[in-house]
Amino acid sequence: MKKILITLLAISAMLSCTHKPMSVSSPDGSLTVNIALNSDGSPVYNVIRDSVTIITDSRLGLTATSADLSRDYKIIGTKTNSADQTWETIWGEERKIRDHHNELIISLKHSSGIMMDIAVRAYDDGFAFRYLFPQQDTDSLTILAETTEYNFTQDHELWSIPWRTEYYEALWKKSPMALTDTVCSPVTIEMADGTYAFMHEAALTDYPAQNFVCSQRHITTYLTPLADGTSAHIKLPFSTPWRFMTLAKTLRQLMASRIMLNLNEPCQLHDTSWIRPMKFIGIWWGMHLKTMTWHAGPQHGATTANMLRYIDFAAENGIDAVLAEGWNKGWETWTDFDFMTPYPDWDMDSISRYATSRNIAIVGHNETGGNAAAYELKLDSIYAYHQKHGIHVIKTGYVSPVINTIDGPQYNRSQAGVRHYRKVIETAARYHIAIDNHEPVMPTGLQRTLPNLMTQEGVRGQEWNAWSTDGGNPPEHVTVLPYTRVLAGPMDFTPCLFSFENPVHPETRAQSTLANQLALLVVLYSPLQMACDLPENYQQRPEAWQFVRDVPCDWERSTLIDGAIGQYTIMARQKRGADEWYLGAVTNSEARDITIPLNFLGDRQFTAVIYRDADDADWRANPYALTVEQQTVTAADTLRLHLAAAGGCAIAIR
Ligand code: NOJ
């Protein structure tokens with residue numbers, strides 16, 4: 001009864017608008033988006049799922065310097081489209097993705113004469129909309145703000161990080177919407193009725209990243225500003241990024257949703273044969289522990305001798321590539337990096353020859369210190385230099401809260417920052433270079449269009465366990481990320497620590513067991529997956545290392561077996577093109593017993609190798625206690641396992 005009442009109220013509210021509401025429903029009819037113009041000509045929408053209003057009348061539109069583009073419209077036409085197609089990813093959590101939606105495009109004419117379309121897509125598991133400015137007499141606009149709002153019908157709770165968080169490196173927190181302030185996109189919502197939502201943007205191109213201003217039952221959009229106080233300077237024709245919301249009854253459905261990828265344009269690269277998911281190690285953790293330096297000197301990490309040693313370790317231990325940071329000049333000041341001049345103790349030619357001879361790829365490193373402009377102006381020569389040395393992956397870095405773009409100092413998530421990152425990805429593609437972007441703008445699914453954008457940081461990663469003054473990432477962290485940050489795209493968290501002692505900050509450490517670190521290779525998705533520790537630490541634990549050798553980082557399909565945000569996650573992934581499964585389970589500071597039905601397996605016998613917390617494992621006192629067991633399993637079996645506090649379990653089923 002209550003449901004029916006809410007629906008009737010939503011429709012009658014819209015019927016008070018001057019125009020009849022127009023609607024688009026999802027293919028199975030369970031979700032409908034209604035759009036109408038208010039009496040002042042402002043566009044509004046609402047969303048009904050299973051006869052329940054989720055979003056009640058909420059405004060759409062923008063404001064520009066030349067006109068208030070949130071009101072004074074007339075409808076001049078509508079168009080509908082629908083799609084049902086399945087496309088194949090170049091790499092990813094899933095090989096095949098189905099895009100099944102209905103679309104309504106409403107063409108509006110503003111009193112100023114400006115034409116704007118609103119495209120709305122309805123999926124069975126969510127909805128999306130964007131603003132489009134077709135070719136017209138006006139050839140450019142300066143956008144001041146977006147009016148886009150979301151009026152919820154109930155009080156929900158939000159997982160989010162504050163919008164000013166540098167590089168998105170914060171612990172995600174849950175709070176009632178009413179008590180949440182301005183936060184970054186995305187947010188994950190625990191709905192009052194026990195279902196879930198995920199709000200983000202897709203296909204962010206030449207526009208600022210969105211943020212959300214929250215108050216009770218109400219969210220509005222805040223665009224990351226430019227230094228001149230405006231939000232975006234756009235040339236027409238122009239389409240804004242999509243704003244989308246996934247609506248799912250369960251966390252498994254939330255994680256299985258592919259709306260964001262479907263909203264991005266198909267792959268634009270003709271040849272993608274050179275793009276390869278890889279596991280890598282690197283000359284890296286030593287710098288974060290301060291036992292090595294980035295700059296040249298007695299403790300210099302990126303020396304020829306060290307690199308050859310790392311390459312040997314990789315070649316002998318099932319690892320595809322080696323990263324080296326601190327190989328190039330500029331680390332003394334962090335202001336004037338030179339991306340084509342190695343330090344004298346780094347012999348690029350012989351390293352590159354040796355890596356090739358051992359069939360190991362080099363992951364290059366370009367830390368800009370935030371000087372994006374200097375980097376951008378030399379991109380072609382920098383990438384030609386790397387290509388000449390056989391380097392096909394570069395980790396980029398922008399350590400600086402404000403980056404110096406060719407349009408001056410700006411937030412990295414402003415339109416100027418977004419433009420820079422796009423230029424980097426496009427230029428890199430021409431030189432057959434894939435990008436691992438640190439200090440990025442939050443991913444929005446662009447990897448569909450440009451699959452050489454392989455992974456990004458944008459997370460409080462493992463490195464915080466080396467030097468954070470608050471003791472390191474709490475165990476809960478990795479049980480929140482799969483349902484929040486990871487839904488925005490691949491994440492370079494750098495899992496797989498095998499040593500928990502910290503010589504420089506003894507109070508800071510990875511708050512996890514060894515089994516938990518192994519599980520992260522499956523739980524936290526990245527097609528470039530770094531095992532972050534030192535080779536000597538890996539050599540000490542060959543039994544655990546076997547899982548790192550075996551686990552792939554490109555998947556046929558992926559599914560959440562079970563989980564709860566901030567409590568635990570059990571992920572299962574099938575290796576791409578093989579009848580092999582890998583599972584990872586992690587828990588927060590509570591120990592727990594989990595059950596894993598193996599009903600996803602095919603109809604035959606498999607061997608499961610289980611890497612679990614030993615009975616006496618304890619992340620503080622005995623983190624290395626690992627039991628490795630082997631058993632024969634079939635789809636009829638259910639595994640019952642115990643996870644220690646901050647513990648985990650990794651399983652290879654082949
Ligand atoms: C921060 C990055 O996250 C880290 O991976 C890198 O080592 C340093 N910047 C230096 O570039």
# chains A, B, ... in the order shown; residues from 1 in each chain; ligands from 1
$ residues_near_ligand --ligand "ligand 1" --cutoff "6 Å" --atoms "only C-alpha atoms and all ligand atoms" --output "list in words"
Glu367, Gly397, Val399 and His438 of chain A
$ residues_around --residues "Val548 of chain A" --least-positions-apart "2" --cutoff "10 Å" --atoms "only C-alpha atoms" --output "ChimeraX atom specification"
/A:279,317-319,496,518-519,521,531,538,542-546,550-552,650
$ write_last_selection --atoms "N, CA and C atoms" --output "short mmCIF file (atom, residue, chain, number, x, y, z; two decimals), in the first residue's frame"
data_model
loop_
_atom_site.label_atom_id
_atom_site.label_comp_id
_atom_site.auth_asym_id
_atom_site.auth_seq_id
_atom_site.Cartn_x
_atom_site.Cartn_y
_atom_site.Cartn_z
N LYS A 279 51.86 -9.15 -14.28
CA LYS A 279 52.25 -9.04 -12.88
C LYS A 279 53.66 -8.44 -12.87
N ASN A 317 60.87 -16.47 -11.47
CA ASN A 317 59.77 -16.63 -10.52
C ASN A 317 58.39 -16.28 -11.08
N GLY A 318 58.24 -16.44 -12.37
CA GLY A 318 56.91 -16.31 -12.96
C GLY A 318 56.33 -14.91 -12.98
N ILE A 319 57.19 -13.89 -12.99
CA ILE A 319 56.73 -12.50 -13.01
C ILE A 319 57.03 -11.92 -14.39
N CYS A 496 50.40 -7.66 -1.66
CA CYS A 496 51.36 -8.75 -1.59
C CYS A 496 52.63 -8.44 -0.81
N LEU A 518 47.99 -12.33 0.19
CA LEU A 518 47.84 -13.15 -1.03
C LEU A 518 46.45 -12.95 -1.63
N ALA A 519 45.45 -12.92 -0.76
CA ALA A 519 44.07 -12.79 -1.23
C ALA A 519 43.84 -11.48 -1.98
N LEU A 521 45.49 -10.14 -4.17
CA LEU A 521 45.78 -10.27 -5.61
C LEU A 521 44.52 -10.62 -6.40
N ALA A 531 53.33 -7.01 -7.24
CA ALA A 531 53.70 -7.64 -5.98
C ALA A 531 54.77 -6.72 -5.41
N TYR A 538 60.44 -12.25 -0.71
CA TYR A 538 59.68 -13.30 -1.39
C TYR A 538 60.46 -14.63 -1.35
N PRO A 542 58.86 -19.46 -0.09
CA PRO A 542 58.52 -20.05 -1.39
C PRO A 542 57.13 -20.68 -1.42
N GLU A 543 56.67 -21.18 -0.28
CA GLU A 543 55.36 -21.84 -0.26
C GLU A 543 54.25 -20.83 -0.59
N ALA A 544 54.31 -19.67 0.06
CA ALA A 544 53.31 -18.63 -0.20
C ALA A 544 53.50 -18.04 -1.60
N TRP A 545 54.75 -17.92 -2.02
CA TRP A 545 55.06 -17.31 -3.32
C TRP A 545 54.41 -18.09 -4.47
N GLN A 546 54.24 -19.39 -4.28
CA GLN A 546 53.68 -20.20 -5.36
C GLN A 546 52.34 -19.62 -5.83
N ASP A 550 51.23 -18.32 -9.64
CA ASP A 550 50.13 -18.95 -10.37
C ASP A 550 48.98 -18.00 -10.72
N VAL A 551 48.73 -17.03 -9.84
CA VAL A 551 47.50 -16.23 -10.02
C VAL A 551 47.62 -15.33 -11.26
N PRO A 552 46.62 -15.33 -12.13
CA PRO A 552 46.67 -14.43 -13.30
C PRO A 552 46.12 -13.04 -12.93
N ALA A 650 43.57 -17.46 0.14
CA ALA A 650 43.68 -17.42 -1.32
C ALA A 650 43.61 -18.86 -1.82
#
$ residues_around --residues "Ala203 of chain A" --least-positions-apart "6" --cutoff "8 Å" --atoms "only C-alpha atoms" --output "VMD selection string"
chain A and resid 241 to 242 263 to 265 444 to 446
$ write_last_selection --atoms "N, CA, C and O atoms" --output "compact mmCIF listing (two decimals), in the first residue's frame"
# COMPACT_ATOMS: atom_id res chain seq x y z
N PRO A 241 30.12 14.24 -19.47
CA PRO A 241 30.19 12.83 -19.05
C PRO A 241 28.79 12.37 -18.64
O PRO A 241 27.93 13.19 -18.31
N TRP A 242 28.60 11.07 -18.65
CA TRP A 242 27.35 10.51 -18.14
C TRP A 242 27.35 10.57 -16.62
O TRP A 242 28.36 10.35 -15.98
N LEU A 263 28.73 2.79 -20.86
CA LEU A 263 28.51 4.20 -21.19
C LEU A 263 29.73 4.82 -21.87
O LEU A 263 29.66 5.95 -22.35
N ASN A 264 30.83 4.13 -21.88
CA ASN A 264 32.01 4.65 -22.57
C ASN A 264 32.01 4.21 -24.03
O ASN A 264 31.39 3.22 -24.40
N GLU A 265 32.72 4.95 -24.84
CA GLU A 265 32.79 4.66 -26.28
C GLU A 265 33.59 3.38 -26.51
O GLU A 265 34.52 3.09 -25.76
N THR A 444 36.78 6.50 -14.81
CA THR A 444 35.36 6.54 -15.18
C THR A 444 35.06 5.58 -16.34
O THR A 444 34.10 5.77 -17.07
N GLY A 445 35.91 4.57 -16.52
CA GLY A 445 35.64 3.57 -17.56
C GLY A 445 36.27 3.85 -18.90
O GLY A 445 35.99 3.16 -19.89
N LEU A 446 37.16 4.85 -18.92
CA LEU A 446 37.81 5.23 -20.18
C LEU A 446 38.62 4.10 -20.79
O LEU A 446 38.96 4.13 -21.97
$ atom_distance --atom1 "atom CA of Trp91 of chain A" --atom2 "atom CA of Phe606 of chain A"
25.3 Å
$ atom_distance --atom1 "atom CA of Lys388 of chain A" --atom2 "atom CA of Ile360 of chain A"
15.7 Å
$ residues_around --residues "Glu332 of chain A" --least-positions-apart "4" --cutoff "12 Å" --atoms "only C-alpha atoms" --output "PyMOL selection string"
chain A and resi 293-297+300+326+328+336-338+343+369
$ write_last_selection --atoms "C-alpha atoms" --output "PDB file, in the first residue's frame"
ATOM      1  CA  THR A 293      66.688   6.318  -2.221  1.00  0.00           C
ATOM      2  CA  TRP A 294      65.121   7.548  -5.441  1.00  0.00           C
ATOM      3  CA  HIS A 295      68.041   9.925  -5.986  1.00  0.00           C
ATOM      4  CA  ALA A 296      71.585   8.779  -6.753  1.00  0.00           C
ATOM      5  CA  GLY A 297      73.931   8.127  -3.829  1.00  0.00           C
ATOM      6  CA  HIS A 300      70.408   4.437  -4.660  1.00  0.00           C
ATOM      7  CA  GLY A 326      64.422   6.774  -9.426  1.00  0.00           C
ATOM      8  CA  ASN A 328      66.183   9.337 -14.077  1.00  0.00           C
ATOM      9  CA  ASP A 336      62.766  19.384 -12.620  1.00  0.00           C
ATOM     10  CA  PHE A 337      62.502  15.761 -13.670  1.00  0.00           C
ATOM     11  CA  ASP A 338      64.289  14.714 -16.806  1.00  0.00           C
ATOM     12  CA  TYR A 343      71.524   8.728 -13.433  1.00  0.00           C
ATOM     13  CA  GLY A 369      56.166  16.153  -9.197  1.00  0.00           C
TER      14      GLY A 369
END
$ atom_distance --atom1 "atom CA of Gln447 of chain A" --atom2 "atom CA of Trp274 of chain A"
14.8 Å
$ residues_around --residues "Asn151 of chain A" --least-positions-apart "3" --cutoff "6 Å" --atoms "only C-alpha atoms" --output "list of chain:residue names"
A:Ile55, A:Thr56, A:Ser58, A:Arg217, A:His218
$ closest_residue --among "A:Ala466, A:Thr89, A:Ala652, A:Phe498" --to "Arg549 of chain A" --atoms "only C-alpha atoms"
A:Ala652
$ select_by_dssp --residues "segment 357-560 of chain A" --states "strand (DSSP E or B)" --output "number ranges by chain"
A: 361-367, 393-397, 402-405, 408-411, 434-437, 453-456, 491, 528-530, 555-560
$ select_by_dssp --residues "segment 379-592 of chain A" --states "alpha helix (DSSP H)" --output "PyMOL selection string"
chain A and resi 379-388+415-430+464-467+477-480+514-523+535-539+542-550
$ residues_around --residues "Asp615 of chain A" --least-positions-apart "5" --cutoff "9 Å" --atoms "only C-alpha atoms" --output "PyMOL selection string"
chain A and resi 625-627+642+644
$ closest_residue --among "A:Thr250, A:Thr182, A:Ser26, A:Asn599" --to "Val633 of chain A" --atoms "only C-alpha atoms"
A:Asn599
$ residues_around --residues "segment 592-595 of chain A" --least-positions-apart "3" --cutoff "7 Å" --atoms "only C-alpha atoms" --output "number ranges by chain"
A: 638-644
$ closest_residue --among "A:Thr188, A:Gln529, A:Asn366, A:Arg509" --to "Ala321 of chain A" --atoms "only C-alpha atoms"
A:Gln529
$ closest_residue --among "A:Glu580, A:Thr272, A:Leu481, A:Arg413" --to "Gln567 of chain A" --atoms "only C-alpha atoms"
A:Leu481
$ closest_residue --among "A:Pro482, A:Gly301, A:Ser30, A:Glu201" --to "Thr559 of chain A" --atoms "only C-alpha atoms"
A:Pro482
$ closest_residue --among "A:Leu104, A:Leu171, A:Ile143, A:Cys184" --to "Thr32 of chain A" --atoms "only C-alpha atoms"
A:Leu104
